[in-house]
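Report on the structure given below.
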Amino acid sequence: MKCSSLYLWLRQKPRIAFFMCLPLILMVVCLIIYPFIYSIFLSMLNKAETKFVGIGNYLFLFKRETFWLVVQQSIFFALVAVFFKALIGFIAAHSINAIPSKGQRKWRGMLLIPWVIPPALSTLGWWWLFEPTYSAINWFLVKISLPAIPWLSETFWARFSIILVNVWVGAPFFLIMYLAALKSIPADLYEAASIDGANYRQKLYYITLPMMKNIISITILFSIIVTFANFDIVRVLTRGGPIDTTHLFATYAFRVGIESGDIPLGAAVSLFMFPILGTLAFIILRSVRKRAMEV
Amino acid sequence: MKNNILNIKNSIHSNRRWALIAAYSSLIIFVIFFLFPPYYMLITSLKTNKEIAEMASNPWIIEQGITLKHYVYLFTETPFLTFFKNTIIVTVCVVIITMVISVLAAYSLSRLKFWGSGVLATGIFLTYLVPETLLFIPLFKIVGWLGLLNSYWVLVLVYPTLSVPFCTWLMIGYFSSIPKEIDEAALIDGANHMQMLWKVFIPVAMPGLIAATIFAFTVSWAGFLYPLAFIYSESEMVLTVGTVTTLIKGDVFNWGSLMSGALLAAAPPVIIYAFLMDYYIAGLTSGATKG
């Protein structure tokens with residue numbers, strides 16, 4: 001009796017398993033895959049969405065200088081911001097790991113605050129720090145006899161400010177990841193190296209970096225995706241200005257698609273992110289697939 | 001020989017001391033860099049309007065006394081409380097939906113293999129890499145057809161697409177680490193899947209469940225693009241968009257209340273992280289370090 005019910009139960013297993021996944025599958029199909037395919041169709045319509053224009057919207061974008069500016073700025077922004085996030089995250093993680101473990105939690109907690117505040121809200125604070133007449137940063141610069149900086153009104157400084165805020169928001173994420181990786185390196189490796197007379201730099205190059213290689217590359221690839229697709233910071237800080245020089249794909253798509261009402265063109269702009277994101281995702285997937293296989 | 005060992009010991013000791021000094025000085029610099037904006041937001045929110053407008057005085061300290069006027073203004077003259085209420089409703093719904101979908105799927109994918117479950121697990125990871133900025137324009141049209149435009153319920157519908165993939169992935173990791181002997185024992189005792197999930201898996205994987213809940217909470221609380229694109233009426237707005245758009249209307253910026261609004265809106269996540277940070281970080285880093 002018991003045996004046959006167990007047998008029945010095992011036979012039903014795939015069906016139950018499928019039903020338990022059904023909500024997830026429905027959500028992914030209806031709200032991710034379908035919108036994506038629909039987005040491709042949408043990007044081939046004219047502004048009033050009455051006529052099929054094929055790749056007309058894409059050709060139109062290719063001819064616009066603003067669009068190429070957006071491409072350049074998005075790539076430049078993502079690479080520079082991720083580089084500094086990774087660098088600061090690495091140094092901070094290393095510093096926390098170097099102090100006695102009693103105080104580590106407290107320092108880590110303080111350094112995580114930028115990452116905990118919703119970015120749209122902390123960017124408001126930065127916006128106020130950059131405000132042309134009252135800028136508290138400029139007050140300080142003038143006090144130490146430096147010139148005041150036009151943070152958001154000149155292209156160079158506006159781009160600089162956006163990267164600065166992005167690094168501020170995103171560096172703690174690297175800090176957490178690197179700290180976890182540092183903690184997983186066996187301490188006896190360092191002890192053995194010390195006995196052999198290795199100095200700090202040698203330990204860094206021959207133990208720490210090789211041991212952290214995987215986590216560093218995954219974190220960087222992942223962060224490039226998130227940074228490249230960023231919206232909040234640019235939207236709150238500059239809205240793409242001055243003269244569209246700080247737009248990223250996302251903010252430009254929002255401007256064109258939602259604010260100017262040309263939904264097909266906006267869809268075309270955001271679809272341009274896909275090849276780059278897809279390539280990065282593919283690389284990440286290759287390194288993570290091992291774990292998916294175990295599942 | 002003895003001398004040599006002593007030398008090494010000494011050099012290790014002095015290396016340690018220098019490493020400590022370097023570590024603390026860089027940490028102090030980072031703390032200043034990371035904390036001065038929130039600090040400045042806080043003191044601005046406590047200053048009188050007169051002091052905020054003064055150009056000559058030091059903006060980094062409060063000289064003319066603390067006032068709570070901006071906070072009072074926020075609660076009495078602006079729809080800030082409505083934003084707060086909407087955000088809480090949206091977040092609670094999103095967290096519940098996310099946890100139900102992802103716990104069920106993770107249980108199924110980690111224990112009950114079926115045709116295509118391996119592909120599905122990989123697919124979930126891929127959807128986690130889809131940023132919200134890729135799909136907001138087609139979603140704008142779709143939620144328009146559904147009649148959800150300009151209502152905060154649209155967020156309850158779309159936010160799970162951002163939270164479920166990571167939460168499922170996280171829970172798969174935690175469930176997979178539960179020894180198979182446990183479910184065999186439960187199986188022989190006659191437990192069905194729901195009982196096993198509820199009485200065995202969820203209690204054992206509680207730390208993962210907490211981490212996933214915090215993640216879903218964060219996604220929902222901090223979301224900015226979707227509410228900005230889909231919601232226009234003040235009565236339907238959530239905190240992030242409400243604070244950024246409605247509080248800076250007009251020519252004169254009310255910096256004091258703007259900053260107090262941003263701080264209050266950021267307070268719930270900060271408080272939650274302060275208490276549950278260790279769970280969250282363990283969950284977040286386990287996914288990456290195992291891979």
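By order in the structure tokens, chains are A, B, ...; within a chain, residues start at 1; ligands start at 1, following the order shown.
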
Can you tell me, as a PyMOL selection string, what residues are no more than 12 Å from Leu179 in chain A when counting only C-alpha atoms, ignoring any on the same chain fewer than 3 positions away?
-> (chain A and resi 89-98+104-105+108+172-176+182-185+208+212+215-216) or (chain B and resi 281-282+285+289)

Which neighbours of Gly170 in chain A fall inside 9 Å, counting only C-alpha atoms, when residues of the same chain fewer than 2 positions from it are skipped, and could you give them as a PyMOL selection string?
-> chain A and resi 81-82+85-86+89+114-115+165-168+172-174+223+227

Excluding range 192-209 of chain B and residues on its chain fewer than 4 positions from it, collect all residues at most 7 Å away from it, counting only C-alpha atoms, and give them as an MDAnalysis selection string.
-> chainID B and resid 170:171 174:175 186 213 279 283

How would the residues just chosen look if you wrote them out with N, CA and C atoms as a PDB file, in the first residue's frame?
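What ended up in result.pdb:
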ATOM      1  N   LEU B 170      18.486  33.007  -5.590  1.00  0.00           N
ATOM      2  CA  LEU B 170      18.993  32.949  -4.216  1.00  0.00           C
ATOM      3  C   LEU B 170      18.415  31.751  -3.472  1.00  0.00           C
ATOM      4  N   MET B 171      17.090  31.544  -3.598  1.00  0.00           N
ATOM      5  CA  MET B 171      16.432  30.462  -2.875  1.00  0.00           C
ATOM      6  C   MET B 171      16.855  29.101  -3.416  1.00  0.00           C
ATOM      7  N   TYR B 174      19.952  28.242  -1.571  1.00  0.00           N
ATOM      8  CA  TYR B 174      19.730  27.832  -0.182  1.00  0.00           C
ATOM      9  C   TYR B 174      19.062  26.459  -0.116  1.00  0.00           C
ATOM     10  N   PHE B 175      18.060  26.219  -0.977  1.00  0.00           N
ATOM     11  CA  PHE B 175      17.355  24.936  -0.950  1.00  0.00           C
ATOM     12  C   PHE B 175      18.289  23.797  -1.361  1.00  0.00           C
ATOM     13  N   ALA B 186      11.258  12.957   5.545  1.00  0.00           N
ATOM     14  CA  ALA B 186       9.917  13.542   5.573  1.00  0.00           C
ATOM     15  C   ALA B 186       8.981  12.777   4.649  1.00  0.00           C
ATOM     16  N   THR B 213      13.618  38.549   0.963  1.00  0.00           N
ATOM     17  CA  THR B 213      12.597  39.538   1.321  1.00  0.00           C
ATOM     18  C   THR B 213      13.173  40.950   1.289  1.00  0.00           C
ATOM     19  N   TYR B 279      22.264  39.166   7.274  1.00  0.00           N
ATOM     20  CA  TYR B 279      21.529  38.195   6.463  1.00  0.00           C
ATOM     21  C   TYR B 279      21.617  38.563   4.996  1.00  0.00           C
ATOM     22  N   GLY B 283      23.353  36.479   1.938  1.00  0.00           N
ATOM     23  CA  GLY B 283      22.590  36.012   0.785  1.00  0.00           C
ATOM     24  C   GLY B 283      23.167  36.526  -0.517  1.00  0.00           C
TER      25      GLY B 283
END

Which residues come within 6 Å of Leu228 in chain B, counting only C-alpha atoms, excluding same-chain residues fewer than 3 positions away, as a VMD selection string?
-> chain B and resid 225 231 241

Range 29-38 of chain B surroundings by only C-alpha atoms, 9 Å radius, close-in-sequence under 6 positions cut, as a list in words |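 Result of the neighbour search: Ile88, Ala92, Trp107, Met110, Leu111, Leu112, Ile113, Pro114, Ser122, Gly125, Trp126, Leu129, Trp168 and Val169 of chain A; Leu263 of chain B.
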
Given the choices A:Phe62, A:Phe83, A:Tyr205, A:Tyr178, which gets closest to chain B if the distance is worked out from only C-alpha atoms?
->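 Smallest distance to chain B is found for A:Tyr178.
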